[in-house]
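Next comes structure-v4.cif, with mmCIF, C-alpha atoms.
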```cif
data_model
#
loop_
_atom_site.label_atom_id
_atom_site.label_comp_id
_atom_site.auth_asym_id
_atom_site.auth_seq_id
_atom_site.Cartn_x
_atom_site.Cartn_y
_atom_site.Cartn_z
CA MET C 1 -23.22 -13.39 -33.95
CA GLN C 2 -21.39 -11.76 -36.84
CA LYS C 3 -21.04 -8.51 -34.94
CA PHE C 4 -19.69 -10.31 -31.87
CA PHE C 5 -17.15 -12.19 -33.93
CA SER C 6 -15.86 -9.09 -35.67
CA ILE C 7 -15.38 -7.29 -32.34
CA ALA C 8 -13.58 -10.29 -30.90
CA LEU C 9 -11.38 -10.43 -33.98
CA PHE C 10 -10.58 -6.74 -33.63
CA PHE C 11 -9.43 -7.23 -30.04
CA SER C 12 -7.44 -10.34 -30.91
CA LEU C 13 -5.58 -8.29 -33.50
CA LEU C 14 -5.14 -5.47 -31.03
CA ILE C 15 -3.60 -7.61 -28.26
CA PRO C 16 -0.05 -7.64 -29.69
CA VAL C 17 -0.24 -3.86 -30.09
CA LEU C 18 -1.32 -3.42 -26.47
CA LEU C 19 1.40 -5.78 -25.29
CA PHE C 20 4.04 -4.05 -27.36
CA SER C 21 3.11 -0.71 -25.79
CA GLN C 22 4.02 -2.17 -22.40
CA GLU C 23 7.52 -3.29 -23.35
CA GLU C 24 9.27 -0.06 -22.46
CA ASN C 25 8.59 -0.51 -18.74
CA ILE C 26 9.03 -4.28 -18.43
CA VAL C 27 11.80 -6.43 -17.02
CA PRO C 28 13.07 -8.48 -19.99
CA GLY C 29 12.88 -12.21 -19.47
CA GLU C 30 10.48 -12.12 -16.51
CA LEU C 31 6.78 -12.92 -16.16
CA LEU C 32 4.35 -12.93 -13.25
CA ILE C 33 2.14 -15.99 -13.51
CA GLN C 34 -0.90 -17.00 -11.50
CA PHE C 35 -1.34 -20.74 -11.86
CA LYS C 36 -4.62 -22.58 -11.51
CA PRO C 37 -5.01 -24.44 -8.19
CA GLU C 38 -4.68 -27.83 -9.84
CA ALA C 39 -1.74 -26.86 -12.06
CA ASP C 40 1.38 -29.01 -12.26
CA ILE C 41 4.05 -26.31 -12.34
CA GLU C 42 6.85 -28.72 -13.19
CA SER C 43 4.92 -29.91 -16.26
CA PHE C 44 4.37 -26.29 -17.23
CA LYS C 45 8.11 -25.68 -17.03
CA ASN C 46 8.89 -28.80 -19.08
CA SER C 47 6.54 -27.66 -21.83
CA LEU C 48 8.72 -24.58 -22.35
CA THR C 49 12.23 -26.05 -22.03
CA SER C 50 13.42 -24.50 -25.29
CA TYR C 51 13.07 -21.06 -23.70
CA GLU C 52 15.18 -21.90 -20.61
CA VAL C 53 12.26 -21.31 -18.25
CA GLU C 54 13.09 -20.99 -14.55
CA ILE C 55 10.47 -20.99 -11.78
CA ASP C 56 12.17 -18.31 -9.69
CA ARG C 57 10.07 -17.90 -6.54
CA LEU C 58 6.60 -17.91 -5.04
CA LEU C 59 5.29 -14.36 -4.59
CA SER C 60 1.89 -15.04 -3.04
CA LYS C 61 0.99 -18.46 -1.64
CA ARG C 62 -2.67 -17.55 -1.24
CA MET C 63 -3.00 -16.37 -4.84
CA ASN C 64 -0.51 -18.89 -6.29
CA ILE C 65 1.47 -16.16 -8.06
CA TRP C 66 5.04 -16.94 -9.14
CA LEU C 67 7.94 -15.06 -10.68
CA VAL C 68 9.01 -16.99 -13.77
CA LYS C 69 12.13 -16.22 -15.78
CA TYR C 70 13.10 -17.17 -19.33
CA ASN C 71 15.77 -16.39 -21.88
CA PRO C 72 14.58 -13.37 -23.92
CA ASP C 73 17.18 -14.20 -26.56
CA GLN C 74 15.24 -17.38 -27.34
CA ILE C 75 11.85 -15.72 -27.80
CA ASP C 76 10.65 -12.12 -27.80
CA ASN C 77 8.74 -10.91 -24.76
CA VAL C 78 5.34 -10.48 -26.43
CA ASN C 79 5.28 -13.94 -27.98
CA MET C 80 6.41 -15.50 -24.73
CA LEU C 81 3.54 -13.87 -22.85
CA LEU C 82 1.02 -14.94 -25.47
CA SER C 83 2.37 -18.49 -25.34
CA VAL C 84 2.17 -18.65 -21.56
CA ARG C 85 -1.36 -17.22 -21.49
CA SER C 86 -2.52 -20.02 -23.77
CA ASN C 87 -1.14 -22.71 -21.44
CA SER C 88 -3.89 -24.68 -19.69
CA ALA C 89 -2.09 -24.45 -16.32
CA VAL C 90 -2.19 -20.66 -16.30
CA LYS C 91 -5.01 -18.55 -14.85
CA GLU C 92 -3.36 -15.17 -15.53
CA ALA C 93 0.02 -13.97 -16.77
CA GLN C 94 1.63 -10.60 -17.32
CA PHE C 95 4.98 -8.89 -17.67
CA ASN C 96 7.00 -7.92 -14.61
CA HIS C 97 7.15 -4.12 -14.58
CA TYR C 98 9.50 -1.60 -13.06
CA VAL C 99 8.01 0.36 -10.14
CA GLN C 100 9.03 3.69 -8.64
CA LEU C 101 8.79 5.12 -5.15
CA ARG C 102 6.68 8.28 -5.10
CA GLU C 103 9.39 10.28 -3.41
CA GLY C 104 8.45 12.99 -0.97
CA VAL C 105 10.37 16.21 -1.51
CA LYS C 106 11.62 18.43 1.27
CA ALA C 107 8.87 20.84 2.17
CA GLU C 108 11.25 23.73 2.66
CA ASP C 109 12.15 23.44 -1.02
CA ILE C 110 8.53 24.31 -1.84
CA LEU C 111 6.98 26.34 0.97
CA GLY C 112 9.55 26.84 3.70
CA VAL C 113 9.10 25.60 7.25
CA LEU C 114 7.55 28.22 9.48
CA PRO C 115 7.58 28.10 13.30
CA ASN C 116 4.49 27.97 15.45
CA ASP C 117 4.09 28.68 19.13
CA ARG C 118 0.82 26.94 19.91
CA SER C 119 0.46 23.53 21.52
CA THR C 120 -2.65 21.35 21.79
CA ILE C 121 -3.94 18.00 23.13
CA PRO C 122 -0.91 15.65 22.90
CA ASN C 123 2.22 16.69 24.76
CA ASP C 124 4.56 15.85 21.87
CA PRO C 125 6.85 18.89 21.61
CA GLN C 126 6.57 19.31 17.82
CA PHE C 127 2.82 18.73 17.56
CA ASN C 128 2.27 22.47 17.22
CA GLN C 129 3.94 22.29 13.80
CA GLN C 130 1.70 19.49 12.52
CA TRP C 131 -0.87 21.55 10.63
CA ALA C 132 -2.42 18.47 9.02
CA LEU C 133 -3.67 17.31 12.40
CA ASN C 134 -4.67 20.71 13.78
CA ASN C 135 -4.38 23.75 11.51
CA THR C 136 -4.35 27.06 13.36
CA GLY C 137 -2.72 28.90 10.48
CA GLN C 138 0.70 28.15 11.94
CA THR C 139 2.28 27.63 8.49
CA GLY C 140 0.41 30.47 6.83
CA GLY C 141 -2.51 28.27 5.85
CA LEU C 142 -6.25 28.34 6.34
CA ASN C 143 -7.48 27.91 9.89
CA ASP C 144 -9.09 24.48 10.43
CA ALA C 145 -7.98 23.14 7.02
CA ASP C 146 -6.99 19.86 8.66
CA ILE C 147 -8.32 16.39 9.46
CA ASP C 148 -9.77 17.42 12.86
CA ALA C 149 -7.50 14.99 14.68
CA PRO C 150 -8.06 16.41 18.19
CA GLU C 151 -11.81 16.00 17.75
CA ALA C 152 -11.30 12.38 16.66
CA TRP C 153 -8.98 11.70 19.59
CA ASP C 154 -11.83 12.57 21.93
CA PHE C 155 -13.33 9.24 20.81
CA SER C 156 -10.18 7.13 20.55
CA THR C 157 -6.42 7.37 20.15
CA GLY C 158 -6.13 3.92 18.60
CA GLY C 159 -4.44 0.65 19.48
CA LEU C 160 -7.15 -1.92 20.16
CA THR C 161 -10.62 -2.61 18.84
CA SER C 162 -13.57 -2.85 21.21
CA LEU C 163 -13.17 -6.65 20.94
CA GLY C 164 -9.52 -6.50 21.97
CA ASP C 165 -7.83 -7.03 18.60
CA THR C 166 -4.47 -5.29 18.18
CA ILE C 167 -4.87 -3.01 15.15
CA VAL C 168 -2.10 -3.22 12.54
CA VAL C 169 -1.43 -1.25 9.37
CA ALA C 170 1.04 -2.59 6.81
CA ILE C 171 3.49 0.00 5.49
CA VAL C 172 4.77 -1.32 2.16
CA ASP C 173 7.70 0.98 1.45
CA GLY C 174 11.47 1.07 1.09
CA GLY C 175 11.88 0.04 4.71
CA CYS C 176 11.81 1.73 8.12
CA ASP C 177 14.10 2.72 10.96
CA LEU C 178 13.14 -0.05 13.37
CA ASN C 179 14.91 1.67 16.25
CA HIS C 180 13.13 5.01 16.06
CA GLN C 181 12.03 6.17 19.52
CA ASP C 182 8.69 7.53 18.31
CA LEU C 183 7.34 4.60 16.31
CA ASN C 184 5.15 1.64 17.31
CA TYR C 185 6.19 -1.39 15.30
CA TRP C 186 4.29 -4.65 15.07
CA ILE C 187 6.11 -7.73 16.34
CA ASN C 188 5.38 -11.31 15.34
CA TRP C 189 5.47 -12.91 18.78
CA ASN C 190 5.08 -16.40 17.27
CA GLU C 191 8.49 -16.08 15.61
CA ILE C 192 11.94 -16.19 17.24
CA SER C 193 14.22 -13.52 15.82
CA GLY C 194 17.33 -14.56 13.93
CA ASN C 195 17.32 -18.33 14.46
CA GLY C 196 16.88 -19.20 10.78
CA ILE C 197 13.72 -21.20 11.48
CA ASP C 198 10.13 -20.58 10.42
CA ASP C 199 8.88 -20.94 13.99
CA ASP C 200 5.25 -20.06 13.29
CA GLY C 201 5.06 -22.11 10.08
CA ASN C 202 3.68 -19.27 7.98
CA GLY C 203 6.20 -19.78 5.18
CA TYR C 204 8.42 -16.83 6.14
CA ILE C 205 11.66 -17.38 8.06
CA ASP C 206 12.53 -14.87 10.81
CA ASP C 207 9.66 -12.46 10.06
CA TYR C 208 9.85 -11.21 13.64
CA ARG C 209 9.52 -7.52 12.73
CA GLY C 210 8.00 -7.56 9.27
CA TRP C 211 9.34 -8.72 5.93
CA ASN C 212 11.91 -7.74 3.31
CA ALA C 213 10.36 -8.64 -0.04
CA TYR C 214 13.46 -7.42 -1.88
CA ASN C 215 15.71 -10.10 -0.39
CA ASN C 216 13.05 -12.57 0.77
CA ASN C 217 14.09 -12.43 4.43
CA GLY C 218 13.19 -10.78 7.72
CA ASN C 219 15.86 -8.09 7.64
CA VAL C 220 13.80 -4.97 6.94
CA PRO C 221 16.04 -2.18 5.57
CA SER C 222 16.03 1.38 6.86
CA SER C 223 14.51 4.10 4.68
CA SER C 224 13.85 7.80 5.17
CA HIS C 225 10.70 7.60 3.06
CA GLY C 226 9.25 4.59 4.88
CA THR C 227 10.13 5.98 8.30
CA HIS C 228 8.34 9.23 7.49
CA VAL C 229 5.30 7.42 6.10
CA SER C 230 5.12 5.16 9.17
CA GLY C 231 5.17 8.14 11.51
CA ILE C 232 2.37 9.94 9.71
CA ALA C 233 0.10 6.94 10.17
CA GLY C 234 1.17 5.95 13.64
CA ALA C 235 3.88 7.88 15.49
CA SER C 236 3.42 7.48 19.25
CA GLY C 237 1.20 10.26 20.54
CA ASN C 238 1.24 11.98 23.91
CA ASN C 239 4.59 10.43 24.88
CA ASN C 240 6.35 13.78 25.25
CA ILE C 241 8.64 12.91 22.32
CA GLY C 242 8.77 14.40 18.83
CA VAL C 243 5.49 14.31 16.95
CA SER C 244 2.14 12.54 16.89
CA GLY C 245 0.72 10.18 14.30
CA VAL C 246 -2.90 10.15 13.20
CA ASN C 247 -3.28 7.01 15.31
CA TRP C 248 -1.22 7.20 18.51
CA ASN C 249 -1.13 3.49 19.29
CA VAL C 250 -1.54 1.55 16.06
CA LYS C 251 1.11 -1.05 15.27
CA THR C 252 2.83 -0.50 11.94
CA MET C 253 4.00 -3.60 10.08
CA PRO C 254 7.15 -2.66 8.12
CA ILE C 255 7.55 -4.33 4.74
CA GLY C 256 10.36 -3.55 2.33
CA GLY C 257 8.94 -3.81 -1.17
CA SER C 258 7.92 -0.52 -2.75
CA SER C 259 10.23 -0.06 -5.71
CA GLY C 260 12.31 -1.95 -8.21
CA THR C 261 9.99 -4.42 -9.91
CA GLU C 262 6.38 -5.47 -9.72
CA SER C 263 7.30 -8.95 -8.51
CA VAL C 264 8.68 -7.39 -5.32
CA VAL C 265 5.44 -5.45 -4.82
CA ILE C 266 3.33 -8.59 -5.19
CA ALA C 267 5.61 -10.49 -2.79
CA ALA C 268 5.21 -7.66 -0.26
CA TYR C 269 1.43 -7.71 -0.50
CA GLY C 270 1.54 -11.51 -0.47
CA TYR C 271 3.01 -11.35 3.02
CA VAL C 272 0.20 -9.09 4.24
CA LEU C 273 -2.40 -11.36 2.67
CA GLU C 274 -0.92 -14.40 4.37
CA MET C 275 -0.81 -12.76 7.80
CA ARG C 276 -4.36 -11.41 7.72
CA THR C 277 -5.76 -14.65 6.32
CA LEU C 278 -4.05 -16.60 9.10
CA TYR C 279 -5.56 -14.22 11.65
CA ASN C 280 -9.04 -14.84 10.24
CA GLU C 281 -8.58 -18.61 10.02
CA THR C 282 -7.23 -19.01 13.57
CA ASN C 283 -9.48 -16.49 15.33
CA GLY C 284 -6.47 -14.33 16.10
CA ALA C 285 -4.09 -17.03 17.36
CA GLU C 286 -1.77 -16.54 14.37
CA GLY C 287 -1.05 -13.84 11.82
CA ALA C 288 -1.92 -10.18 12.32
CA PHE C 289 -5.07 -8.06 12.38
CA VAL C 290 -4.08 -5.87 9.44
CA VAL C 291 -6.91 -3.46 8.61
CA ALA C 292 -5.16 -1.35 5.97
CA THR C 293 -2.11 -1.30 3.73
CA ASN C 294 -0.23 1.80 2.62
CA ALA C 295 1.41 2.16 -0.80
CA SER C 296 3.29 5.40 -1.43
CA PHE C 297 4.67 4.17 -4.75
CA GLY C 298 3.41 3.24 -8.19
CA VAL C 299 3.73 3.48 -11.95
CA ASP C 300 2.98 6.83 -13.58
CA PHE C 301 0.66 6.46 -16.59
CA GLY C 302 0.26 2.75 -15.81
CA GLN C 303 -2.80 1.07 -17.31
CA PRO C 304 -4.49 -1.41 -14.94
CA ALA C 305 -5.18 -3.81 -17.81
CA ASN C 306 -1.43 -4.35 -18.04
CA TYR C 307 -1.14 -5.04 -14.30
CA PRO C 308 -3.94 -7.57 -13.66
CA LEU C 309 -2.21 -9.43 -10.83
CA TRP C 310 -1.19 -6.30 -8.94
CA CYS C 311 -4.74 -4.96 -9.14
CA ALA C 312 -6.24 -8.34 -8.26
CA ILE C 313 -4.32 -8.59 -5.01
CA TYR C 314 -6.35 -5.65 -3.66
CA ASP C 315 -9.48 -7.75 -4.15
CA SER C 316 -7.87 -10.69 -2.37
CA LEU C 317 -6.85 -8.46 0.54
CA GLY C 318 -10.31 -6.91 0.58
CA MET C 319 -11.98 -10.29 0.85
CA GLN C 320 -10.03 -10.78 4.08
CA GLY C 321 -11.13 -7.38 5.41
CA VAL C 322 -8.20 -5.20 4.39
CA LEU C 323 -8.52 -1.76 2.78
CA SER C 324 -5.56 -0.60 0.69
CA CYS C 325 -4.54 3.04 0.40
CA GLY C 326 -2.56 4.13 -2.65
CA ALA C 327 -0.72 7.37 -3.40
CA THR C 328 -1.48 8.74 -6.84
CA ALA C 329 1.07 10.38 -9.12
CA ASN C 330 2.99 13.50 -8.15
CA LEU C 331 1.99 15.03 -11.48
CA ASN C 332 -0.80 17.45 -12.32
CA ILE C 333 -2.60 14.98 -14.60
CA ASN C 334 -6.06 13.46 -14.88
CA ILE C 335 -5.73 9.81 -13.88
CA ASP C 336 -9.09 9.05 -15.50
CA VAL C 337 -7.44 9.87 -18.82
CA GLU C 338 -3.74 9.15 -18.32
CA GLY C 339 -3.90 6.09 -16.09
CA ASP C 340 -1.94 5.12 -12.99
CA VAL C 341 -1.11 2.04 -10.97
CA PRO C 342 -2.24 1.40 -8.33
CA THR C 343 -4.68 4.31 -8.06
CA ALA C 344 -6.60 3.45 -11.22
CA CYS C 345 -7.00 -0.20 -10.18
CA PRO C 346 -10.75 -0.90 -10.13
CA SER C 347 -10.87 -2.76 -6.79
CA PRO C 348 -13.54 -1.40 -4.41
CA TRP C 349 -11.07 -1.98 -1.56
CA MET C 350 -8.46 0.35 -3.11
CA ILE C 351 -8.60 3.95 -1.83
CA ALA C 352 -6.80 6.36 -4.17
CA VAL C 353 -5.39 9.45 -2.46
CA THR C 354 -4.13 12.79 -3.76
CA ASN C 355 -2.32 15.62 -1.94
CA THR C 356 -3.94 18.71 -0.42
CA THR C 357 -2.33 21.81 1.09
CA GLN C 358 -2.71 23.82 4.29
CA ASN C 359 -5.08 26.07 2.33
CA ASP C 360 -7.47 23.15 1.72
CA ILE C 361 -6.84 22.91 -2.02
CA LYS C 362 -5.26 20.24 -4.18
CA ASN C 363 -1.50 20.57 -4.43
CA SER C 364 -0.67 21.80 -7.94
CA GLY C 365 1.82 18.96 -8.36
CA ALA C 366 -0.62 16.16 -7.54
CA ALA C 367 -2.86 14.12 -9.83
CA TYR C 368 -6.65 14.10 -9.85
CA GLY C 369 -9.52 12.13 -11.38
CA LEU C 370 -13.28 12.27 -10.99
CA THR C 371 -13.74 8.50 -11.10
CA THR C 372 -10.33 7.17 -10.06
CA ILE C 373 -9.23 9.40 -7.17
CA ASP C 374 -11.34 8.90 -4.06
CA LEU C 375 -10.18 11.73 -1.81
CA GLY C 376 -7.43 14.17 -0.95
CA ALA C 377 -5.56 14.39 2.34
CA PRO C 378 -2.88 16.69 3.75
CA GLY C 379 0.42 15.91 2.06
CA THR C 380 2.17 19.27 1.80
CA ASN C 381 4.85 20.36 4.26
CA ILE C 382 4.21 17.38 6.55
CA LEU C 383 6.43 17.09 9.61
CA ASN C 384 7.13 13.61 10.91
CA THR C 385 9.71 10.95 11.74
CA LEU C 386 13.00 10.36 9.93
CA PRO C 387 15.79 7.84 10.65
CA GLY C 388 18.10 8.32 13.60
CA ASN C 389 15.42 9.64 15.96
CA SER C 390 15.16 12.76 13.83
CA TYR C 391 12.24 14.63 12.27
CA GLY C 392 11.65 16.57 9.09
CA SER C 393 9.07 17.82 6.61
CA LEU C 394 8.28 16.25 3.24
CA THR C 395 5.69 16.92 0.55
CA GLY C 396 3.95 14.53 -1.82
CA THR C 397 1.07 12.13 -2.30
CA SER C 398 3.33 9.78 -0.32
CA MET C 399 2.59 11.90 2.75
CA ALA C 400 -1.14 12.25 2.07
CA THR C 401 -1.77 8.53 1.85
CA PRO C 402 -0.62 7.43 5.34
CA THR C 403 -2.83 10.17 6.77
CA VAL C 404 -5.76 8.17 5.37
CA THR C 405 -4.25 4.86 6.45
CA GLY C 406 -3.92 6.11 10.01
CA ALA C 407 -7.48 7.45 9.95
CA ILE C 408 -8.82 4.05 8.90
CA ALA C 409 -7.03 2.42 11.82
CA LEU C 410 -8.47 5.06 14.13
CA MET C 411 -12.00 4.25 12.96
CA TYR C 412 -11.50 0.60 13.88
CA ALA C 413 -10.39 1.65 17.36
CA ALA C 414 -13.46 3.87 17.80
CA ALA C 415 -16.02 1.37 16.46
CA ASN C 416 -18.39 -0.16 19.01
CA SER C 417 -18.53 -3.89 19.70
CA GLY C 418 -21.66 -4.43 17.60
CA LEU C 419 -20.04 -2.95 14.51
CA MET C 420 -16.83 -4.89 15.10
CA GLN C 421 -18.69 -8.17 15.58
CA SER C 422 -20.46 -7.59 12.28
CA TYR C 423 -17.12 -6.84 10.62
CA MET C 424 -15.45 -9.96 12.01
CA GLN C 425 -18.32 -12.13 10.77
CA ASN C 426 -18.04 -10.73 7.24
CA PRO C 427 -14.71 -8.93 6.80
CA SER C 428 -15.07 -8.13 3.10
CA THR C 429 -18.36 -6.25 3.35
CA GLY C 430 -17.31 -4.86 6.72
CA ALA C 431 -14.24 -3.27 5.16
CA ILE C 432 -16.43 -1.62 2.53
CA ALA C 433 -18.60 -0.22 5.32
CA PHE C 434 -15.54 1.35 6.95
CA ARG C 435 -14.52 2.74 3.57
CA ASP C 436 -17.92 4.36 3.23
CA PHE C 437 -17.66 5.82 6.74
CA LEU C 438 -14.36 7.36 5.70
CA PHE C 439 -15.83 8.88 2.54
CA ALA C 440 -18.81 10.25 4.46
CA GLY C 441 -16.42 12.25 6.60
CA THR C 442 -14.86 14.20 3.73
CA ASP C 443 -15.55 17.71 2.46
CA PRO C 444 -15.69 18.59 -1.25
CA ILE C 445 -12.95 20.85 -2.62
CA ALA C 446 -12.08 21.98 -6.13
CA ALA C 447 -9.62 19.86 -8.09
#
```

What is this file in structure tokens?
Amino acid sequence: MQKFFSIALFFSLLIPVLLFSQEENIVPGELLIQFKPEADIESFKNSLTSYEVEIDRLLSKRMNIWLVKYNPDQIDNVNMLLSVRSNSAVKEAQFNHYVQLREGVKAEDILGVLPNDRSTIPNDPQFNQQWALNNTGQTGGLNDADIDAPEAWDFSTGGLTSLGDTIVVAIVDGGCDLNHQDLNYWINWNEISGNGIDDDGNGYIDDYRGWNAYNNNGNVPSSSHGTHVSGIAGASGNNNIGVSGVNWNVKTMPIGGSSGTESVVIAAYGYVLEMRTLYNETNGAEGAFVVATNASFGVDFGQPANYPLWCAIYDSLGMQGVLSCGATANLNINIDVEGDVPTACPSPWMIAVTNTTQNDIKNSGAAYGLTTIDLGAPGTNILNTLPGNSYGSLTGTSMATPTVTGAIALMYAAANSGLMQSYMQNPSTGAIAFRDFLFAGTDPIAA
């Protein structure tokens, strides 16, 4: 007992030090709070009136996570967090952190874009330049250092499961060009666009073509990064236009919410959680059959212990049957040692991805980690969609991650009815099974 007490005392003394170390990356005067189900939020607010507490907005209805603001001139950030954590209405509380997009850089700035004169299975005119899908050495790389997409397409090109569910992947990013000719976007057919009414009653007004978590409305912004990421996962294949995605027919759900602050990120994931949960609860009559999320953003050197709600949302999504793919840092660091969010989050439903090259080695500017990073995928000199019906090449872990997201969606399309029935009966363990299938299809390379 004495030994236990002394250890507990040590950690209680250490907590303010750990909290103080977070302050550099936090939004002053803002907390993310998960309230207990029975909590009276108004009473919570009244108990802290001297700090000018404001219940700003609900970020995730299913997890009961709220953005709460206060006056940092009335109390310092660390003491406010400690005070809130001790409140009986609170299940978990943390600072709201700044988040950065893991920008892709133009490939020609690193390797140059080399032409190629070979075409293959899909008739998309620029497919012959997409080494990640079928590497013939066209960019000076190693023959067959690719994801064997043509071989996978012999089984399925995506779109529907064997049970008839429309497969959706959620692209949480800066936004997307919703008018791009080569992209398959999900549409919420239970919502009427632009009428200012929550027609489907899901708590989101006018979410006809996704959600804007920045502004809390259905007007998804356009973004070069998000458009490129969406195309890697699911550009229309074999349509005689532009390029091909890993999954030719998957529906991509565009969600603006990848940078700025952590509250925006949680609100973005909260939308995905709501839509997949509704799908499960209504046997597909409402919501969306989201099988994977894509996050090409994060916090370099972030420690998961300081981001408990962000990490926890991957568990909540996983319980509904959703795998989440995260891009690790564009830095040559060991995530096991240095930390990262989200790719060091301990959720079994989080798949952490680093960037590999056309020579089948890790990109020298990408992070690694024996226990934290699950796999690498092509992310160097990746040609795909850009706004305005254009195309271009980018490099980064941001490009590697949607390759995995698209592959997950392709597995769901190829799965037989027995496997899909098992998955639908128990989505959480079923998602882990699909994760393990993905891992079984990888080859070891040196870090």

Would you list the contacts of range 295-298 of chain C as a PDB file with C-alpha atoms, keeping the file's coordinate frame, taking every protein, DNA or RNA residue within 7 Å and counting all atoms listed in the file, but skipping same-chain residues closer than 6 positions in sequence?
```pdb
ATOM      1  CA  VAL C  99       8.010   0.360 -10.140  1.00  0.00           C
ATOM      2  CA  GLN C 100       9.030   3.690  -8.640  1.00  0.00           C
ATOM      3  CA  LEU C 101       8.790   5.120  -5.150  1.00  0.00           C
ATOM      4  CA  ARG C 102       6.680   8.280  -5.100  1.00  0.00           C
ATOM      5  CA  ILE C 171       3.490   0.000   5.490  1.00  0.00           C
ATOM      6  CA  VAL C 172       4.770  -1.320   2.160  1.00  0.00           C
ATOM      7  CA  ASP C 173       7.700   0.980   1.450  1.00  0.00           C
ATOM      8  CA  SER C 258       7.920  -0.520  -2.750  1.00  0.00           C
ATOM      9  CA  CYS C 325      -4.540   3.040   0.400  1.00  0.00           C
ATOM     10  CA  GLY C 326      -2.560   4.130  -2.650  1.00  0.00           C
ATOM     11  CA  ALA C 327      -0.720   7.370  -3.400  1.00  0.00           C
ATOM     12  CA  VAL C 341      -1.110   2.040 -10.970  1.00  0.00           C
ATOM     13  CA  PRO C 342      -2.240   1.400  -8.330  1.00  0.00           C
ATOM     14  CA  SER C 398       3.330   9.780  -0.320  1.00  0.00           C
ATOM     15  CA  THR C 401      -1.770   8.530   1.850  1.00  0.00           C
TER      16      THR C 401
END
```

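Comparing C:Tyr271, C:Trp131, C:Trp349, C:Tyr423 by their smallest distance to Arg435 in chain C, the closest is C:Trp349 (using all atoms listed in the file).
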
### Picked residues, the PyMOL selection byres ((chain C and resi 60) around 10), expected as a PyMOL selection string
chain C and resi 34+57-59+61-67+263+266-274+313

### Query
Which residues match the PyMOL selection byres ((chain C and resi 292) around 12) in the file above, as a PyMOL selection string?
chain C and resi 167-172+233+250-253+269+272-273+276+288-291+293-295+314+317-318+320-326+349-351+401-412+431-432+434-435

Can those selected residues be exported to a file as a CSV table (one decimal), in the coordinates of the input so that it contains C-alpha atoms?
```
chain,number,residue,atom,x,y,z
C,167,ILE,CA,-4.9,-3.0,15.2
C,168,VAL,CA,-2.1,-3.2,12.5
C,169,VAL,CA,-1.4,-1.2,9.4
C,170,ALA,CA,1.0,-2.6,6.8
C,171,ILE,CA,3.5,0.0,5.5
C,172,VAL,CA,4.8,-1.3,2.2
C,233,ALA,CA,0.1,6.9,10.2
C,250,VAL,CA,-1.5,1.6,16.1
C,251,LYS,CA,1.1,-1.0,15.3
C,252,THR,CA,2.8,-0.5,11.9
C,253,MET,CA,4.0,-3.6,10.1
C,269,TYR,CA,1.4,-7.7,-0.5
C,272,VAL,CA,0.2,-9.1,4.2
C,273,LEU,CA,-2.4,-11.4,2.7
C,276,ARG,CA,-4.4,-11.4,7.7
C,288,ALA,CA,-1.9,-10.2,12.3
C,289,PHE,CA,-5.1,-8.1,12.4
C,290,VAL,CA,-4.1,-5.9,9.4
C,291,VAL,CA,-6.9,-3.5,8.6
C,293,THR,CA,-2.1,-1.3,3.7
C,294,ASN,CA,-0.2,1.8,2.6
C,295,ALA,CA,1.4,2.2,-0.8
C,314,TYR,CA,-6.4,-5.6,-3.7
C,317,LEU,CA,-6.8,-8.5,0.5
C,318,GLY,CA,-10.3,-6.9,0.6
C,320,GLN,CA,-10.0,-10.8,4.1
C,321,GLY,CA,-11.1,-7.4,5.4
C,322,VAL,CA,-8.2,-5.2,4.4
C,323,LEU,CA,-8.5,-1.8,2.8
C,324,SER,CA,-5.6,-0.6,0.7
C,325,CYS,CA,-4.5,3.0,0.4
C,326,GLY,CA,-2.6,4.1,-2.6
C,349,TRP,CA,-11.1,-2.0,-1.6
C,350,MET,CA,-8.5,0.4,-3.1
C,351,ILE,CA,-8.6,4.0,-1.8
C,401,THR,CA,-1.8,8.5,1.8
C,402,PRO,CA,-0.6,7.4,5.3
C,403,THR,CA,-2.8,10.2,6.8
C,404,VAL,CA,-5.8,8.2,5.4
C,405,THR,CA,-4.2,4.9,6.4
C,406,GLY,CA,-3.9,6.1,10.0
C,407,ALA,CA,-7.5,7.4,10.0
C,408,ILE,CA,-8.8,4.0,8.9
C,409,ALA,CA,-7.0,2.4,11.8
C,410,LEU,CA,-8.5,5.1,14.1
C,411,MET,CA,-12.0,4.2,13.0
C,412,TYR,CA,-11.5,0.6,13.9
C,431,ALA,CA,-14.2,-3.3,5.2
C,432,ILE,CA,-16.4,-1.6,2.5
C,434,PHE,CA,-15.5,1.4,7.0
C,435,ARG,CA,-14.5,2.7,3.6
```

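Counting all atoms listed in the file, the residue from C:Thr442, C:Ser422, C:Asn334, C:Thr354 that sits nearest to Asp148 in chain C is C:Thr442.
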
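Atom pair CA of Glu42 in chain C / CA of Asn87 in chain C has a distance of 13.0 Å (rounded to one decimal).
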
### Message
Neighbouring residues of Phe127 in chain C were defined as those with any atom within 9 Å, considering only C-alpha atoms; residues of the same chain fewer than 3 positions away were excluded. Please report them as a ChimeraX atom specification.
### Response
/C:118-124,130-131,133-134,242-244,383

### Task
Up to 10 Å from (-2.7, -26.7, -10.7) in the file's coordinates: name the residues, counting only C-alpha atoms, as a ChimeraX atom specification.
/C:34-41,43-44,64,88-91

### Task
Could you jot down the CA of Pro348 in chain C to CA of Gly260 in chain C separation for me, Å, one decimal place?
26.1 Å

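Counting from CA of Leu375 in chain C, the distance to CA of Ala415 in chain C is 21.8 Å.
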
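Counting all atoms listed in the file and comparing C:Thr395, C:Val27, C:Asn249, C:Leu370, the residue that lies closest to Thr161 in chain C is C:Asn249.
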